[in-house]
Amino acid sequence: MRMYKITPPASVKKFLSLLLPAVIVLMFPACELNIDTLEVESCTPVNGATGVNTDIMIQVKFSGEVNRSDAEELFVLENSDIQITGRFTWYSGKNFVFTPSTVLEKNGRYTITLPREIRDKDGNTMGSDFLSDFYVGDDFVNPSVVSSSPAYSVGATLDVAIDQDITIDFSK
């Protein structure tokens, strides 16, 4: 069995000797760049909250300093596709409170949307849209029939007089 030693041409050796330092030089700045994804760390009221007061203020905290104009332009609070207007109060570069300009409707569902296009001070965007909802008030139980006259029966109620009043009592 013969063994052969394969020697790459000089041009390949030169290319590889230049490639390795170039890769190192290109990777070093990437390690120094801030390429963290921006995210919403907290939002009050929390997602799915019920029993929220009608005069609520929405508080949002980001993981980093956020571009305020992006946050204010892209923040959406809505109820049944009706956008709620209001004012922003910033407590830091990453924490704001949104105060609706009107009192929210009782027993309504509200959604908060912060799209991923919002940027931080380094130009990084969020990994995904932030979506949250909450419910003003706590009366979300539908009324039910408690009783009726004539009494309900499956199928049909027989022998009901033509001139008899029909009464239905609801739970609320």
# chains A, B, ... in the order shown; residues from 1 in each chain; ligands from 1
>>> residues_around(residues="A:Val145", least_positions_apart="3", cutoff="7 Å", atoms="only C-alpha atoms", output="PyMOL selection string")
chain A and resi 168-171
>>> write_last_selection(atoms="N, CA and C atoms", output="mmCIF file, in the first residue's frame")
data_model
loop_
_atom_site.group_PDB
_atom_site.id
_atom_site.type_symbol
_atom_site.label_atom_id
_atom_site.label_comp_id
_atom_site.auth_asym_id
_atom_site.auth_seq_id
_atom_site.Cartn_x
_atom_site.Cartn_y
_atom_site.Cartn_z
ATOM 1 N N ILE A 168 -90.743 35.456 32.170
ATOM 2 C CA ILE A 168 -89.420 34.836 32.208
ATOM 3 C C ILE A 168 -88.589 35.633 33.208
ATOM 4 N N ASP A 169 -88.009 34.943 34.190
ATOM 5 C CA ASP A 169 -87.128 35.567 35.182
ATOM 6 C C ASP A 169 -85.678 35.204 34.860
ATOM 7 N N PHE A 170 -84.850 36.257 34.779
ATOM 8 C CA PHE A 170 -83.432 36.076 34.490
ATOM 9 C C PHE A 170 -82.608 36.208 35.767
ATOM 10 N N SER A 171 -81.382 35.711 35.741
ATOM 11 C CA SER A 171 -80.501 35.758 36.903
ATOM 12 C C SER A 171 -80.046 37.180 37.220
#
>>> residues_around(residues="stretch 100-102 of chain A", least_positions_apart="4", cutoff="8 Å", atoms="only C-alpha atoms", output="compact mmCIF listing (two decimals) with C-alpha atoms, in the first residue's frame")
# COMPACT_ATOMS: atom_id res chain seq x y z
CA ASP A 55 -59.66 54.99 35.26
CA ILE A 56 -56.69 52.66 34.76
CA MET A 57 -53.26 53.84 33.62
CA ILE A 84 -58.11 54.88 22.71
CA THR A 85 -56.14 58.13 22.76
CA GLY A 86 -54.18 59.41 25.72
CA ARG A 87 -50.91 60.87 26.95
>>> atom_distance(atom1="atom CA of A:Lys121", atom2="atom CA of A:Gln83")
27.0 Å
>>> closest_residue(among="A:Phe134, A:Phe88, A:Phe75, A:Tyr152", to="A:Val52", atoms="only C-alpha atoms")
A:Phe134
>>> residues_around(residues="A:Asp70", least_positions_apart="3", cutoff="10 Å", atoms="only C-alpha atoms", output="PyMOL selection string")
chain A and resi 66-67+73-75+114-115+117-120
>>> residues_around(residues="A:Ile162", least_positions_apart="4", cutoff="12 Å", atoms="only C-alpha atoms", output="PyMOL selection string")
chain A and resi 150+158+166
>>> atom_distance(atom1="atom CA of A:Phe98", atom2="atom CA of A:Thr50")
18.6 Å
>>> residues_around(residues="A:Gly51", least_positions_apart="5", cutoff="8 Å", atoms="only C-alpha atoms", output="number ranges by chain")
A: 135-138
>>> residues_around(residues="A:Thr44", least_positions_apart="4", cutoff="8 Å", atoms="only C-alpha atoms", output="list in words")
Ile58, Gln59 and Val60 of chain A
>>> residues_around(residues="A:Asp165", least_positions_apart="4", cutoff="10 Å", atoms="only C-alpha atoms", output="PDB file with N, CA and C atoms, in the first residue's frame")
ATOM      1  N   SER A 149     -92.942  31.165  33.415  1.00  0.00           N
ATOM      2  CA  SER A 149     -94.328  30.765  33.593  1.00  0.00           C
ATOM      3  C   SER A 149     -95.006  30.967  32.249  1.00  0.00           C
ATOM      4  N   PRO A 150     -95.506  29.966  31.628  1.00  0.00           N
ATOM      5  CA  PRO A 150     -95.580  28.587  32.070  1.00  0.00           C
ATOM      6  C   PRO A 150     -94.169  27.988  32.150  1.00  0.00           C
ATOM      7  N   VAL A 160    -101.494  25.530  27.456  1.00  0.00           N
ATOM      8  CA  VAL A 160    -101.273  26.924  27.848  1.00  0.00           C
ATOM      9  C   VAL A 160    -102.415  27.733  27.251  1.00  0.00           C
ATOM     10  N   ALA A 161    -103.077  28.504  28.108  1.00  0.00           N
ATOM     11  CA  ALA A 161    -104.209  29.312  27.657  1.00  0.00           C
ATOM     12  C   ALA A 161    -103.711  30.379  26.680  1.00  0.00           C
TER      13      ALA A 161
END
>>> closest_residue(among="A:Asn95, A:Thr125, A:Thr111, A:Thr167", to="A:Asp36", atoms="only C-alpha atoms")
A:Thr125
>>> closest_residue(among="A:Asp133, A:Thr54, A:Glu39, A:Glu65", to="A:Glu78", atoms="only C-alpha atoms")
A:Asp133
>>> atom_distance(atom1="atom CA of A:Ser80", atom2="atom CA of A:Tyr110")
7.6 Å
